[in-house]
$ cat query37.txt   # compact mmCIF, N, CA and C atoms
# COMPACT_ATOMS: atom_id res chain seq x y z
N MET L 1 2.98 8.07 -16.89
CA MET L 1 3.59 6.85 -16.40
C MET L 1 4.75 6.43 -17.30
N THR L 2 4.68 6.77 -18.56
CA THR L 2 5.79 6.45 -19.46
C THR L 2 7.06 7.17 -19.02
N GLU L 3 6.92 8.45 -18.65
CA GLU L 3 8.07 9.21 -18.16
C GLU L 3 8.58 8.63 -16.85
N ALA L 4 7.69 8.17 -16.00
CA ALA L 4 8.11 7.59 -14.73
C ALA L 4 8.87 6.29 -14.94
N LYS L 5 8.43 5.49 -15.87
CA LYS L 5 9.13 4.23 -16.17
C LYS L 5 10.51 4.50 -16.76
N ALA L 6 10.66 5.63 -17.46
CA ALA L 6 11.94 6.00 -18.05
C ALA L 6 12.80 6.84 -17.10
N ALA L 7 12.38 6.97 -15.86
CA ALA L 7 13.09 7.74 -14.83
C ALA L 7 13.23 9.22 -15.19
N GLN L 8 12.26 9.76 -15.93
CA GLN L 8 12.25 11.18 -16.28
C GLN L 8 11.27 11.97 -15.41
N ARG L 9 10.50 11.28 -14.60
CA ARG L 9 9.50 11.89 -13.73
C ARG L 9 9.24 10.92 -12.59
N VAL L 10 8.83 11.46 -11.45
CA VAL L 10 8.44 10.63 -10.31
C VAL L 10 6.95 10.80 -10.10
N VAL L 11 6.24 9.70 -9.97
CA VAL L 11 4.79 9.73 -9.76
C VAL L 11 4.47 9.04 -8.44
N TYR L 12 3.68 9.72 -7.62
CA TYR L 12 3.21 9.16 -6.34
C TYR L 12 1.69 9.16 -6.32
N PHE L 13 1.12 8.17 -5.68
CA PHE L 13 -0.31 8.12 -5.39
C PHE L 13 -0.46 8.37 -3.90
N MET L 14 -1.30 9.33 -3.53
CA MET L 14 -1.43 9.71 -2.12
C MET L 14 -2.84 9.44 -1.61
N GLU L 15 -2.90 8.97 -0.38
CA GLU L 15 -4.19 8.69 0.27
C GLU L 15 -4.01 8.77 1.77
N ALA L 16 -5.09 9.04 2.47
CA ALA L 16 -5.07 9.08 3.93
C ALA L 16 -5.90 7.93 4.48
N ALA L 17 -5.49 7.42 5.63
CA ALA L 17 -6.24 6.38 6.34
C ALA L 17 -6.37 6.81 7.79
N HIS L 18 -7.49 6.49 8.37
CA HIS L 18 -7.77 6.89 9.75
C HIS L 18 -8.17 5.63 10.52
N VAL L 19 -7.26 5.12 11.32
CA VAL L 19 -7.46 3.88 12.05
C VAL L 19 -8.02 4.21 13.43
N VAL L 20 -9.21 3.70 13.74
CA VAL L 20 -9.86 3.96 15.03
C VAL L 20 -9.51 2.83 15.98
N PHE L 21 -9.08 3.18 17.20
CA PHE L 21 -8.72 2.19 18.20
C PHE L 21 -9.94 1.71 18.97
N ALA L 22 -10.82 1.03 18.30
CA ALA L 22 -12.00 0.46 18.94
C ALA L 22 -12.53 -0.65 18.03
N PRO L 23 -13.08 -1.68 18.61
CA PRO L 23 -13.61 -2.75 17.77
C PRO L 23 -14.94 -2.33 17.14
N PHE L 24 -15.15 -2.78 15.95
CA PHE L 24 -16.42 -2.59 15.27
C PHE L 24 -16.98 -3.97 15.00
N LEU L 25 -17.98 -4.35 15.75
CA LEU L 25 -18.58 -5.66 15.58
C LEU L 25 -19.91 -5.53 14.87
N GLY L 26 -20.10 -6.34 13.88
CA GLY L 26 -21.39 -6.40 13.22
C GLY L 26 -22.19 -7.51 13.88
N ASP L 27 -23.05 -8.13 13.15
CA ASP L 27 -23.78 -9.26 13.68
C ASP L 27 -22.85 -10.46 13.77
N LEU L 28 -22.84 -11.07 14.90
CA LEU L 28 -21.97 -12.21 15.13
C LEU L 28 -22.76 -13.27 15.87
N TRP L 29 -22.79 -14.44 15.32
CA TRP L 29 -23.52 -15.53 15.97
C TRP L 29 -22.53 -16.35 16.78
N SER L 30 -22.93 -16.73 17.98
CA SER L 30 -22.09 -17.61 18.79
C SER L 30 -22.99 -18.38 19.74
N PHE L 31 -22.45 -19.48 20.30
CA PHE L 31 -23.20 -20.29 21.24
C PHE L 31 -23.43 -19.58 22.57
N SER L 32 -22.50 -18.73 22.94
CA SER L 32 -22.64 -18.03 24.21
C SER L 32 -22.45 -16.53 23.98
N ARG L 33 -22.97 -15.76 24.91
CA ARG L 33 -22.87 -14.31 24.80
C ARG L 33 -21.43 -13.89 25.11
N LEU L 34 -20.86 -13.05 24.27
CA LEU L 34 -19.47 -12.63 24.41
C LEU L 34 -19.43 -11.11 24.54
N PHE L 35 -18.74 -10.62 25.56
CA PHE L 35 -18.58 -9.18 25.75
C PHE L 35 -17.14 -8.81 25.40
N VAL L 36 -16.99 -7.80 24.59
CA VAL L 36 -15.67 -7.34 24.18
C VAL L 36 -15.43 -5.99 24.83
N ARG L 37 -14.39 -5.91 25.66
CA ARG L 37 -14.05 -4.64 26.29
C ARG L 37 -13.37 -3.75 25.24
N ALA L 38 -13.77 -2.51 25.23
CA ALA L 38 -13.21 -1.58 24.26
C ALA L 38 -12.95 -0.24 24.94
N PRO L 39 -11.92 0.45 24.50
CA PRO L 39 -11.66 1.77 25.07
C PRO L 39 -12.75 2.75 24.64
N SER L 40 -13.05 3.67 25.51
CA SER L 40 -14.03 4.67 25.13
C SER L 40 -13.31 5.84 24.46
N GLY L 41 -14.05 6.68 23.84
CA GLY L 41 -13.46 7.84 23.20
C GLY L 41 -13.25 7.62 21.73
N ARG L 42 -12.49 8.51 21.14
CA ARG L 42 -12.30 8.48 19.70
C ARG L 42 -10.82 8.51 19.34
N LYS L 43 -10.02 7.81 20.07
CA LYS L 43 -8.59 7.78 19.79
C LYS L 43 -8.36 7.09 18.46
N ARG L 44 -7.50 7.68 17.65
CA ARG L 44 -7.22 7.08 16.34
C ARG L 44 -5.84 7.47 15.85
N LEU L 45 -5.37 6.76 14.86
CA LEU L 45 -4.11 7.04 14.22
C LEU L 45 -4.40 7.46 12.79
N ASN L 46 -3.89 8.61 12.40
CA ASN L 46 -4.06 9.11 11.03
C ASN L 46 -2.76 8.89 10.28
N VAL L 47 -2.87 8.34 9.09
CA VAL L 47 -1.71 8.09 8.25
C VAL L 47 -1.97 8.72 6.88
N LEU L 48 -1.10 9.63 6.50
CA LEU L 48 -1.13 10.22 5.17
C LEU L 48 0.06 9.64 4.44
N GLY L 49 -0.19 8.91 3.38
CA GLY L 49 0.90 8.21 2.71
C GLY L 49 0.94 8.48 1.22
N ALA L 50 2.13 8.35 0.68
CA ALA L 50 2.34 8.49 -0.76
C ALA L 50 3.10 7.25 -1.24
N LEU L 51 2.54 6.57 -2.22
CA LEU L 51 3.12 5.36 -2.79
C LEU L 51 3.76 5.70 -4.13
N LYS L 52 5.05 5.44 -4.25
CA LYS L 52 5.76 5.71 -5.50
C LYS L 52 5.32 4.68 -6.55
N ALA L 53 4.86 5.17 -7.68
CA ALA L 53 4.21 4.33 -8.68
C ALA L 53 5.10 3.20 -9.20
N ILE L 54 6.34 3.44 -9.45
CA ILE L 54 7.19 2.44 -10.08
C ILE L 54 7.85 1.51 -9.07
N THR L 55 8.43 2.05 -8.02
CA THR L 55 9.19 1.22 -7.07
C THR L 55 8.38 0.79 -5.85
N HIS L 56 7.19 1.37 -5.68
CA HIS L 56 6.30 1.07 -4.54
C HIS L 56 6.90 1.46 -3.19
N GLU L 57 7.82 2.41 -3.19
CA GLU L 57 8.31 2.97 -1.93
C GLU L 57 7.20 3.80 -1.32
N VAL L 58 7.16 3.85 0.02
CA VAL L 58 6.11 4.58 0.72
C VAL L 58 6.72 5.67 1.60
N VAL L 59 6.14 6.86 1.54
CA VAL L 59 6.52 7.97 2.40
C VAL L 59 5.27 8.33 3.20
N THR L 60 5.40 8.45 4.52
CA THR L 60 4.22 8.69 5.35
C THR L 60 4.41 9.85 6.33
N VAL L 61 3.29 10.39 6.73
CA VAL L 61 3.18 11.34 7.82
C VAL L 61 2.07 10.81 8.72
N THR L 62 2.33 10.71 10.02
CA THR L 62 1.32 10.18 10.93
C THR L 62 1.08 11.15 12.08
N ASN L 63 -0.12 11.09 12.64
CA ASN L 63 -0.43 11.83 13.85
C ASN L 63 -1.62 11.17 14.54
N ASP L 64 -1.92 11.61 15.75
CA ASP L 64 -3.06 11.05 16.46
C ASP L 64 -4.13 12.11 16.74
N SER L 65 -4.10 13.20 15.98
CA SER L 65 -5.10 14.24 16.18
C SER L 65 -6.00 14.32 14.94
N TYR L 66 -5.65 15.19 13.99
CA TYR L 66 -6.44 15.34 12.78
C TYR L 66 -5.52 15.48 11.58
N MET L 67 -5.97 14.99 10.44
CA MET L 67 -5.25 15.21 9.20
C MET L 67 -5.69 16.59 8.71
N ASN L 68 -4.72 17.45 8.42
CA ASN L 68 -5.05 18.81 8.02
C ASN L 68 -4.03 19.30 6.98
N ALA L 69 -4.14 20.58 6.64
CA ALA L 69 -3.25 21.16 5.63
C ALA L 69 -1.78 21.08 6.05
N GLN L 70 -1.50 21.24 7.33
CA GLN L 70 -0.11 21.15 7.81
C GLN L 70 0.46 19.76 7.55
N SER L 71 -0.34 18.73 7.76
CA SER L 71 0.11 17.35 7.49
C SER L 71 0.42 17.17 6.02
N VAL L 72 -0.43 17.71 5.16
CA VAL L 72 -0.21 17.61 3.72
C VAL L 72 1.06 18.35 3.33
N CYS L 73 1.26 19.53 3.88
CA CYS L 73 2.46 20.32 3.58
C CYS L 73 3.72 19.59 4.03
N THR L 74 3.66 18.93 5.17
CA THR L 74 4.81 18.15 5.65
C THR L 74 5.16 17.04 4.67
N LEU L 75 4.14 16.33 4.20
CA LEU L 75 4.38 15.26 3.23
C LEU L 75 4.91 15.81 1.91
N LEU L 76 4.36 16.92 1.45
CA LEU L 76 4.84 17.53 0.20
C LEU L 76 6.31 17.94 0.30
N MET L 77 6.70 18.49 1.44
CA MET L 77 8.10 18.88 1.64
C MET L 77 9.01 17.66 1.64
N GLN L 78 8.56 16.57 2.26
CA GLN L 78 9.35 15.33 2.26
C GLN L 78 9.54 14.82 0.84
N LEU L 79 8.46 14.78 0.07
CA LEU L 79 8.55 14.30 -1.31
C LEU L 79 9.44 15.18 -2.16
N ALA L 80 9.30 16.48 -2.02
CA ALA L 80 10.12 17.41 -2.80
C ALA L 80 11.59 17.29 -2.44
N SER L 81 11.90 17.04 -1.18
CA SER L 81 13.31 16.91 -0.79
C SER L 81 13.92 15.59 -1.29
N LEU L 82 13.10 14.59 -1.53
CA LEU L 82 13.60 13.31 -2.05
C LEU L 82 13.90 13.38 -3.55
N HIS L 83 13.24 14.30 -4.25
CA HIS L 83 13.35 14.37 -5.72
C HIS L 83 13.57 15.81 -6.14
N VAL L 84 14.79 16.28 -5.98
CA VAL L 84 15.09 17.69 -6.20
C VAL L 84 15.15 18.07 -7.68
N ASN L 85 15.81 17.29 -8.50
CA ASN L 85 16.04 17.68 -9.89
C ASN L 85 15.23 16.88 -10.89
N ILE L 86 14.08 16.38 -10.48
CA ILE L 86 13.24 15.60 -11.38
C ILE L 86 11.79 16.02 -11.17
N PRO L 87 11.00 16.14 -12.24
CA PRO L 87 9.60 16.54 -12.09
C PRO L 87 8.83 15.55 -11.21
N LEU L 88 7.90 16.08 -10.43
CA LEU L 88 7.14 15.28 -9.48
C LEU L 88 5.65 15.43 -9.77
N THR L 89 4.97 14.33 -9.93
CA THR L 89 3.52 14.32 -10.12
C THR L 89 2.88 13.59 -8.95
N LEU L 90 1.82 14.16 -8.42
CA LEU L 90 1.13 13.59 -7.28
C LEU L 90 -0.33 13.36 -7.67
N VAL L 91 -0.78 12.11 -7.53
CA VAL L 91 -2.17 11.75 -7.81
C VAL L 91 -2.87 11.61 -6.47
N TRP L 92 -3.92 12.41 -6.26
CA TRP L 92 -4.63 12.37 -4.98
C TRP L 92 -6.10 12.65 -5.18
N ASP L 93 -6.88 12.52 -4.11
CA ASP L 93 -8.32 12.75 -4.20
C ASP L 93 -8.64 14.22 -3.90
N ASN L 94 -9.88 14.50 -3.70
CA ASN L 94 -10.32 15.88 -3.47
C ASN L 94 -10.62 16.17 -2.01
N ALA L 95 -9.81 15.68 -1.11
CA ALA L 95 -10.02 15.97 0.31
C ALA L 95 -9.91 17.47 0.55
N ARG L 96 -10.73 17.97 1.44
CA ARG L 96 -10.80 19.41 1.69
C ARG L 96 -9.45 19.99 2.10
N TYR L 97 -8.71 19.27 2.95
CA TYR L 97 -7.44 19.79 3.44
C TYR L 97 -6.35 19.80 2.37
N GLN L 98 -6.60 19.18 1.23
CA GLN L 98 -5.64 19.21 0.12
C GLN L 98 -5.87 20.40 -0.80
N LYS L 99 -7.04 20.98 -0.74
CA LYS L 99 -7.40 22.03 -1.70
C LYS L 99 -7.29 23.45 -1.13
N CYS L 100 -6.88 23.59 0.11
CA CYS L 100 -6.82 24.92 0.72
C CYS L 100 -5.68 25.75 0.12
N THR L 101 -5.72 27.03 0.37
CA THR L 101 -4.77 27.98 -0.21
C THR L 101 -3.33 27.67 0.19
N VAL L 102 -3.10 27.32 1.44
CA VAL L 102 -1.74 27.05 1.92
C VAL L 102 -1.12 25.89 1.14
N VAL L 103 -1.88 24.83 0.96
CA VAL L 103 -1.38 23.66 0.23
C VAL L 103 -1.16 24.00 -1.24
N GLN L 104 -2.11 24.70 -1.84
CA GLN L 104 -1.98 25.05 -3.26
C GLN L 104 -0.79 25.97 -3.52
N GLU L 105 -0.53 26.89 -2.60
CA GLU L 105 0.64 27.77 -2.74
C GLU L 105 1.94 26.98 -2.63
N LEU L 106 1.99 26.01 -1.71
CA LEU L 106 3.19 25.18 -1.57
C LEU L 106 3.41 24.31 -2.80
N VAL L 107 2.34 23.77 -3.34
CA VAL L 107 2.42 22.96 -4.56
C VAL L 107 3.01 23.80 -5.69
N ALA L 108 2.55 25.03 -5.83
CA ALA L 108 3.08 25.91 -6.88
C ALA L 108 4.55 26.24 -6.63
N LEU L 109 4.91 26.50 -5.38
CA LEU L 109 6.28 26.82 -5.02
C LEU L 109 7.24 25.66 -5.30
N LEU L 110 6.77 24.44 -5.04
CA LEU L 110 7.60 23.25 -5.23
C LEU L 110 7.52 22.68 -6.65
N HIS L 111 6.69 23.28 -7.48
CA HIS L 111 6.52 22.85 -8.88
C HIS L 111 6.06 21.40 -8.97
N ILE L 112 5.07 21.05 -8.17
CA ILE L 112 4.52 19.70 -8.18
C ILE L 112 3.28 19.71 -9.07
N GLU L 113 3.21 18.74 -9.97
CA GLU L 113 2.03 18.60 -10.82
C GLU L 113 1.01 17.76 -10.07
N LEU L 114 -0.24 18.21 -10.04
CA LEU L 114 -1.30 17.49 -9.35
C LEU L 114 -2.27 16.85 -10.35
N ARG L 115 -2.69 15.65 -10.02
CA ARG L 115 -3.73 14.94 -10.77
C ARG L 115 -4.77 14.50 -9.77
N TYR L 116 -6.03 14.78 -10.05
CA TYR L 116 -7.11 14.40 -9.15
C TYR L 116 -7.82 13.16 -9.68

$ encode --input "query37.txt" --output "structure tokens"
Amino acid sequence: MTEAKAAQRVVYFMEAAHVVFAPFLGDLWSFSRLFVRAPSGRKRLNVLGALKAITHEVVTVTNDSYMNAQSVCTLLMQLASLHVNIPLTLVWDNARYQKCTVVQELVALLHIELRY
């Protein structure tokens, strides 16, 4: 973080969110019975985002199917193209689609440092 504050390195924090298009109601007390119409199925919006540690800029990849290695590779390419001549560190969790061979090979090719 010291290097990032001195503009010698770029640090991003990455996380995915999966928004489901359906209401989730827990226990709710009311005077009258209330029915909430909801769409059936499992439609959702997936957002893979990276938050720049110092400036709080956000870079995202979205889809409505599944978050997978291709989505991660797309985000990595976007980040690498934004910061060509400066070291890049990415802090992320241990999601399965982040640890596959395709993603790890791209990380090595782009010279991105990973922190879990």

$ residues_around --input "query37.txt" --residues "L:Asn63" --least-positions-apart "6" --cutoff "10 Å" --atoms "only C-alpha atoms" --output "NGL selection string"
:L and (18 or 44-48 or 71)

$ closest_residue --input "query37.txt" --among "L:Ile54, L:Met77, L:Leu110, L:Val72" --to "L:Ala7" --atoms "only C-alpha atoms"
L:Ile54

$ residues_around --input "query37.txt" --residues "L:Thr60" --least-positions-apart "5" --cutoff "12 Å" --atoms "only C-alpha atoms" --output "PyMOL selection string"
chain L and resi 12-17+46-52+71-79

$ closest_residue --input "query37.txt" --among "L:Val61, L:Asp93, L:Val102, L:Ala53" --to "L:Glu3" --atoms "only C-alpha atoms"
L:Ala53

$ select_by_dssp --input "query37.txt" --residues "stretch 3-106 of chain L" --states "helix (DSSP H, G or I)" --output "list in words"
Glu3, Ala4, Lys5, Ala69, Gln70, Ser71, Val72, Cys73, Thr74, Leu75, Leu76, Met77, Gln78, Leu79, Ala80, Ser81, Leu82, Arg96, Tyr97, Gln98, Thr101, Val102, Val103, Gln104, Glu105 and Leu106 of chain L

$ atom_distance --input "query37.txt" --atom1 "atom CA of L:Ile112" --atom2 "atom N of L:Tyr66"
24.8 Å

$ axis_aligned_box --input "query37.txt" --around "stretch 50-55 of chain L" --padding-each-side "6 Å" --output "AutoDock Vina command-line options"
--center_x 5.7 --center_y 4.6 --center_z -4.7 --size_x 19.1 --size_y 19.7 --size_z 22.8

$ atom_distance --input "query37.txt" --atom1 "atom CA of L:Cys100" --atom2 "atom CA of L:Gln8"
29.0 Å

$ select_by_dssp --input "query37.txt" --residues "chain L" --states "strand (DSSP E)" --output "ChimeraX atom specification"
/L:10-20,44-52,58-63,88-91,112-115

$ atom_distance --input "query37.txt" --atom1 "atom N of L:Leu82" --atom2 "atom C of L:Arg115"
19.7 Å

$ closest_residue --input "query37.txt" --among "L:Gln104, L:Gln98, L:Trp92, L:Arg37" --to "L:Met67" --atoms "all atoms listed in the file"
L:Gln98

$ closest_residue --input "query37.txt" --among "L:Tyr116, L:Val91, L:Ala4, L:Arg42" --to "L:Ala22" --atoms "all atoms listed in the file"
L:Arg42

$ closest_residue --input "query37.txt" --among "L:Arg96, L:Thr2, L:His56, L:Lys43" --to "L:Val20" --atoms "all atoms listed in the file"
L:Lys43
